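Read the structure below first, then the notes.
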Amino acid sequence: MLHTLHRLHRPPHLTLSLQEEHDAPALFSLIQQEKARLRHTLAWPDSVRHIEDTLTTIRENRADFFAGRSAVYLIHWQGEMAGVASFNNLKATQG
């Protein structure tokens with residue numbers, strides 16, 4: 001089931017996809033641009049100081065996804081990275 005959740009696409013404008021290592025520079029840049037706004041509601045923005053911080057987080061998020069613990073998606077709107085959506089706790093259910 002996790003394979004089907006790897007990429008979600010709603011034509012023509014919206015795509016959600018798991019973070020990939022090659023996304024680190026663009027995501028780091030977006031975080032830096034939005035840091036003042038993000039820190040109003042989130043505790044982590046000030047801890048992102050280097051691209052390596054973002055790369056480490058991407059690796060951790062991917063490991064958590066493939067272990068079935070959580071899902072963190074990049075939001076692309078009309079082909080441009082616009083943000084992140086996270087589902088911090090995944091629980092398998094049946095029925």
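Every chain in the structure tokens has a letter given in the order shown (A, B, ...), and although residue numbers restart at 1 in each chain, ligands are simply numbered from 1 in the order shown.
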For A:His13, list every protein, DNA or RNA residue within 6 Å, evaluated using only C-alpha atoms, and leave out those in the same chain fewer than 2 positions away; present the list as a PDB file with N, CA and C atoms, in the first residue's frame.
ATOM      1  N   PRO A  11      -4.526  16.421 -11.274  1.00  0.00           N
ATOM      2  CA  PRO A  11      -4.376  17.322 -12.421  1.00  0.00           C
ATOM      3  C   PRO A  11      -5.351  18.486 -12.349  1.00  0.00           C
ATOM      4  N   TRP A  77       2.680  23.033  -6.666  1.00  0.00           N
ATOM      5  CA  TRP A  77       1.531  23.698  -7.282  1.00  0.00           C
ATOM      6  C   TRP A  77       1.985  24.242  -8.622  1.00  0.00           C
ATOM      7  N   GLN A  78       1.361  23.781  -9.671  1.00  0.00           N
ATOM      8  CA  GLN A  78       1.709  24.166 -11.034  1.00  0.00           C
ATOM      9  C   GLN A  78       3.206  23.992 -11.291  1.00  0.00           C
TER      10      GLN A  78
END
- Task: Pick out the residues sitting within 12 Å of A:Gly83, and hand them over as a list of chain:residue names; count only C-alpha atoms, and ignore anything fewer than 5 positions along from it in its own chain.
- Result: A:Leu14, A:Thr15, A:Leu16, A:Ser17, A:Leu18, A:Gln19, A:Asp23, A:Ala26, A:Leu27, A:Phe28, A:Ser29, A:Leu30, A:Ile31, A:Gln33, A:Glu34, A:Leu38, A:Val72, A:Tyr73, A:Leu74, A:Ile75, A:His76, A:Trp77
Output file for the selection above: C-alpha atoms, as a short mmCIF file (atom, residue, chain, number, x, y, z; two decimals), in the first residue's frame:
data_model
loop_
_atom_site.label_atom_id
_atom_site.label_comp_id
_atom_site.auth_asym_id
_atom_site.auth_seq_id
_atom_site.Cartn_x
_atom_site.Cartn_y
_atom_site.Cartn_z
CA LEU A 14 -1.44 19.82 -7.56
CA THR A 15 1.13 17.12 -6.91
CA LEU A 16 2.17 15.64 -3.57
CA SER A 17 5.33 13.56 -3.59
CA LEU A 18 7.69 12.06 -1.07
CA GLN A 19 10.82 14.06 -0.54
CA ASP A 23 14.88 18.11 -3.38
CA ALA A 26 15.00 23.77 -3.22
CA LEU A 27 13.39 22.81 0.10
CA PHE A 28 16.20 24.42 2.08
CA SER A 29 15.75 27.61 0.05
CA LEU A 30 11.99 27.63 0.61
CA ILE A 31 12.47 27.16 4.36
CA GLN A 33 12.57 32.30 2.54
CA GLU A 34 9.65 31.47 4.85
CA LEU A 38 7.17 29.43 9.92
CA VAL A 72 5.91 13.86 4.65
CA TYR A 73 5.03 15.13 1.19
CA LEU A 74 6.31 18.02 -0.85
CA ILE A 75 3.49 20.12 -2.25
CA HIS A 76 4.00 21.21 -5.85
CA TRP A 77 1.53 23.70 -7.28
#
- Task: Find the residues near A:Asn61: any atom within 12 Å, counting only C-alpha atoms, skip ones fewer than 4 places away on the same chain, and give them as a ChimeraX atom specification.
- Result: /A:18-21,54-57,65-74,84-89
Can you write just those residues out, C-alpha atoms, as an mmCIF file, in the first residue's frame?
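Saved the output as result-v6.cif:
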data_model
loop_
_atom_site.group_PDB
_atom_site.id
_atom_site.type_symbol
_atom_site.label_atom_id
_atom_site.label_comp_id
_atom_site.auth_asym_id
_atom_site.auth_seq_id
_atom_site.Cartn_x
_atom_site.Cartn_y
_atom_site.Cartn_z
ATOM 1 C CA LEU A 18 7.693 12.059 -1.068
ATOM 2 C CA GLN A 19 10.825 14.061 -0.539
ATOM 3 C CA GLU A 20 13.849 12.914 -2.512
ATOM 4 C CA GLU A 21 17.453 13.771 -1.703
ATOM 5 C CA THR A 54 17.458 19.492 5.226
ATOM 6 C CA LEU A 55 19.077 16.442 3.649
ATOM 7 C CA THR A 56 19.239 14.675 7.015
ATOM 8 C CA THR A 57 15.565 15.413 7.617
ATOM 9 C CA PHE A 65 7.595 6.530 5.500
ATOM 10 C CA PHE A 66 8.939 3.172 4.357
ATOM 11 C CA ALA A 67 8.679 1.871 7.938
ATOM 12 C CA GLY A 68 4.997 2.898 7.911
ATOM 13 C CA ARG A 69 5.364 5.462 10.717
ATOM 14 C CA SER A 70 4.686 8.784 8.976
ATOM 15 C CA ALA A 71 4.437 10.492 5.595
ATOM 16 C CA VAL A 72 5.905 13.864 4.651
ATOM 17 C CA TYR A 73 5.029 15.130 1.187
ATOM 18 C CA LEU A 74 6.310 18.020 -0.850
ATOM 19 C CA VAL A 84 5.204 20.480 2.880
ATOM 20 C CA ALA A 85 2.324 18.394 4.204
ATOM 21 C CA SER A 86 3.034 15.922 6.974
ATOM 22 C CA PHE A 87 1.059 13.064 8.426
ATOM 23 C CA ASN A 88 3.005 12.474 11.607
ATOM 24 C CA ASN A 89 1.398 9.231 12.708
#
- Query: What separation in Å, quoted to one decimal, exists between atom CA of A:Asp53 and atom CA of A:His40?
  - Reply: 20.1 Å
- Task: Write out as a VMD selection string all residues of stretch 22-58 of chain A that backbone DSSP assigns to helix (DSSP H, G or I).
- Result: chain A and resid 22 to 38 45 to 47 51 to 58
Emit the selected residues as a short mmCIF file (atom, residue, chain, number, x, y, z; two decimals), in the first residue's frame, including N, CA and C atoms.
data_model
loop_
_atom_site.label_atom_id
_atom_site.label_comp_id
_atom_site.auth_asym_id
_atom_site.auth_seq_id
_atom_site.Cartn_x
_atom_site.Cartn_y
_atom_site.Cartn_z
N HIS A 22 17.41 14.82 -3.91
CA HIS A 22 17.69 15.92 -4.84
C HIS A 22 16.79 17.14 -4.59
N ASP A 23 15.75 16.99 -3.74
CA ASP A 23 14.88 18.11 -3.38
C ASP A 23 15.48 19.01 -2.30
N ALA A 24 16.57 18.57 -1.67
CA ALA A 24 17.13 19.30 -0.53
C ALA A 24 17.45 20.76 -0.83
N PRO A 25 18.13 21.10 -1.91
CA PRO A 25 18.44 22.52 -2.14
C PRO A 25 17.20 23.41 -2.27
N ALA A 26 16.21 22.96 -3.04
CA ALA A 26 15.00 23.77 -3.22
C ALA A 26 14.21 23.87 -1.92
N LEU A 27 14.12 22.77 -1.16
CA LEU A 27 13.39 22.81 0.10
C LEU A 27 14.11 23.69 1.11
N PHE A 28 15.42 23.57 1.19
CA PHE A 28 16.20 24.42 2.08
C PHE A 28 15.95 25.90 1.75
N SER A 29 15.99 26.23 0.48
CA SER A 29 15.75 27.61 0.05
C SER A 29 14.36 28.09 0.44
N LEU A 30 13.36 27.26 0.24
CA LEU A 30 11.99 27.63 0.61
C LEU A 30 11.86 27.86 2.12
N ILE A 31 12.49 26.99 2.90
CA ILE A 31 12.47 27.16 4.36
C ILE A 31 13.13 28.47 4.76
N GLN A 32 14.26 28.78 4.14
CA GLN A 32 14.95 30.03 4.47
C GLN A 32 14.09 31.24 4.11
N GLN A 33 13.42 31.19 2.97
CA GLN A 33 12.57 32.30 2.54
C GLN A 33 11.38 32.51 3.48
N GLU A 34 10.86 31.42 4.03
CA GLU A 34 9.65 31.47 4.85
C GLU A 34 9.92 31.35 6.34
N LYS A 35 11.17 31.37 6.74
CA LYS A 35 11.54 31.09 8.14
C LYS A 35 10.82 32.00 9.13
N ALA A 36 10.75 33.28 8.87
CA ALA A 36 10.11 34.21 9.81
C ALA A 36 8.65 33.84 10.03
N ARG A 37 7.98 33.47 8.98
CA ARG A 37 6.57 33.09 9.09
C ARG A 37 6.42 31.72 9.75
N LEU A 38 7.26 30.78 9.38
CA LEU A 38 7.17 29.43 9.92
C LEU A 38 7.42 29.38 11.43
N PRO A 45 12.05 25.61 12.54
CA PRO A 45 12.70 26.39 11.48
C PRO A 45 14.09 26.93 11.81
N ASP A 46 14.32 27.36 13.02
CA ASP A 46 15.63 27.91 13.37
C ASP A 46 16.72 26.86 13.43
N SER A 47 16.34 25.58 13.48
CA SER A 47 17.35 24.52 13.50
C SER A 47 17.83 24.17 12.09
N ILE A 51 22.07 23.18 4.17
CA ILE A 51 21.41 22.20 3.30
C ILE A 51 21.52 20.80 3.89
N GLU A 52 22.61 20.51 4.56
CA GLU A 52 22.79 19.20 5.17
C GLU A 52 21.72 18.91 6.21
N ASP A 53 21.24 19.95 6.91
CA ASP A 53 20.15 19.76 7.88
C ASP A 53 18.89 19.27 7.15
N THR A 54 18.62 19.88 6.01
CA THR A 54 17.46 19.49 5.23
C THR A 54 17.63 18.09 4.67
N LEU A 55 18.80 17.77 4.19
CA LEU A 55 19.08 16.44 3.65
C LEU A 55 18.92 15.37 4.72
N THR A 56 19.40 15.63 5.91
CA THR A 56 19.24 14.68 7.02
C THR A 56 17.76 14.45 7.32
N THR A 57 17.00 15.53 7.35
CA THR A 57 15.56 15.41 7.62
C THR A 57 14.86 14.63 6.52
N ILE A 58 15.21 14.87 5.28
CA ILE A 58 14.61 14.12 4.17
C ILE A 58 14.90 12.63 4.34
#
- Message: Give me, as number ranges by chain, the residues of chain A that a backbone DSSP run labels strand (DSSP E).
- Response: A: 7-10, 14-18, 71-77, 80-87
Go ahead and dump the residues you just picked, N, CA and C atoms, as an mmCIF file, in the first residue's frame.
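Below is the file again-v2.cif, written as the result:
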data_model
loop_
_atom_site.group_PDB
_atom_site.id
_atom_site.type_symbol
_atom_site.label_atom_id
_atom_site.label_comp_id
_atom_site.auth_asym_id
_atom_site.auth_seq_id
_atom_site.Cartn_x
_atom_site.Cartn_y
_atom_site.Cartn_z
ATOM 1 N N ARG A 7 3.384 8.972 -4.553
ATOM 2 C CA ARG A 7 3.126 10.192 -5.316
ATOM 3 C C ARG A 7 1.628 10.305 -5.556
ATOM 4 N N LEU A 8 1.068 11.435 -5.216
ATOM 5 C CA LEU A 8 -0.353 11.705 -5.421
ATOM 6 C C LEU A 8 -0.471 12.895 -6.353
ATOM 7 N N HIS A 9 -1.280 12.755 -7.385
ATOM 8 C CA HIS A 9 -1.368 13.798 -8.402
ATOM 9 C C HIS A 9 -2.830 14.140 -8.652
ATOM 10 N N ARG A 10 -3.129 15.412 -8.596
ATOM 11 C CA ARG A 10 -4.468 15.899 -8.892
ATOM 12 C C ARG A 10 -4.355 16.910 -10.035
ATOM 13 N N LEU A 14 -1.965 20.243 -8.857
ATOM 14 C CA LEU A 14 -1.444 19.823 -7.560
ATOM 15 C C LEU A 14 -0.769 18.460 -7.634
ATOM 16 N N THR A 15 0.434 18.386 -7.055
ATOM 17 C CA THR A 15 1.132 17.116 -6.908
ATOM 18 C C THR A 15 1.720 17.057 -5.502
ATOM 19 N N LEU A 16 1.522 15.931 -4.835
ATOM 20 C CA LEU A 16 2.173 15.639 -3.565
ATOM 21 C C LEU A 16 3.138 14.490 -3.828
ATOM 22 N N SER A 17 4.369 14.639 -3.391
ATOM 23 C CA SER A 17 5.333 13.561 -3.593
ATOM 24 C C SER A 17 6.254 13.463 -2.386
ATOM 25 N N LEU A 18 6.718 12.239 -2.138
ATOM 26 C CA LEU A 18 7.693 12.059 -1.068
ATOM 27 C C LEU A 18 8.938 12.863 -1.390
ATOM 28 N N ALA A 71 4.285 10.116 7.006
ATOM 29 C CA ALA A 71 4.437 10.492 5.595
ATOM 30 C C ALA A 71 4.598 12.004 5.520
ATOM 31 N N VAL A 72 5.663 12.441 4.860
ATOM 32 C CA VAL A 72 5.905 13.864 4.651
ATOM 33 C C VAL A 72 6.009 14.076 3.146
ATOM 34 N N TYR A 73 5.094 14.888 2.626
ATOM 35 C CA TYR A 73 5.029 15.130 1.187
ATOM 36 C C TYR A 73 5.454 16.555 0.856
ATOM 37 N N LEU A 74 6.098 16.702 -0.281
ATOM 38 C CA LEU A 74 6.310 18.020 -0.850
ATOM 39 C C LEU A 74 5.055 18.384 -1.628
ATOM 40 N N ILE A 75 4.633 19.617 -1.492
ATOM 41 C CA ILE A 75 3.492 20.121 -2.251
ATOM 42 C C ILE A 75 4.041 20.895 -3.442
ATOM 43 N N HIS A 76 3.638 20.476 -4.625
ATOM 44 C CA HIS A 76 3.996 21.209 -5.846
ATOM 45 C C HIS A 76 2.708 21.757 -6.435
ATOM 46 N N TRP A 77 2.680 23.033 -6.666
ATOM 47 C CA TRP A 77 1.531 23.698 -7.282
ATOM 48 C C TRP A 77 1.985 24.242 -8.622
ATOM 49 N N GLU A 80 5.737 24.081 -9.250
ATOM 50 C CA GLU A 80 6.656 24.774 -8.337
ATOM 51 C C GLU A 80 6.477 24.251 -6.911
ATOM 52 N N MET A 81 7.590 24.047 -6.202
ATOM 53 C CA MET A 81 7.503 23.635 -4.808
ATOM 54 C C MET A 81 6.843 24.743 -3.996
ATOM 55 N N ALA A 82 5.788 24.374 -3.271
ATOM 56 C CA ALA A 82 5.014 25.366 -2.527
ATOM 57 C C ALA A 82 5.015 25.116 -1.023
ATOM 58 N N GLY A 83 5.383 23.916 -0.592
ATOM 59 C CA GLY A 83 5.359 23.648 0.835
ATOM 60 C C GLY A 83 5.464 22.175 1.135
ATOM 61 N N VAL A 84 5.102 21.843 2.364
ATOM 62 C CA VAL A 84 5.204 20.480 2.880
ATOM 63 C C VAL A 84 3.907 20.142 3.611
ATOM 64 N N ALA A 85 3.457 18.916 3.436
ATOM 65 C CA ALA A 85 2.324 18.394 4.204
ATOM 66 C C ALA A 85 2.808 17.146 4.924
ATOM 67 N N SER A 86 2.559 17.085 6.230
ATOM 68 C CA SER A 86 3.034 15.922 6.974
ATOM 69 C C SER A 86 1.894 15.233 7.705
ATOM 70 N N PHE A 87 1.957 13.929 7.671
ATOM 71 C CA PHE A 87 1.059 13.064 8.426
ATOM 72 C C PHE A 87 1.975 12.361 9.424
#
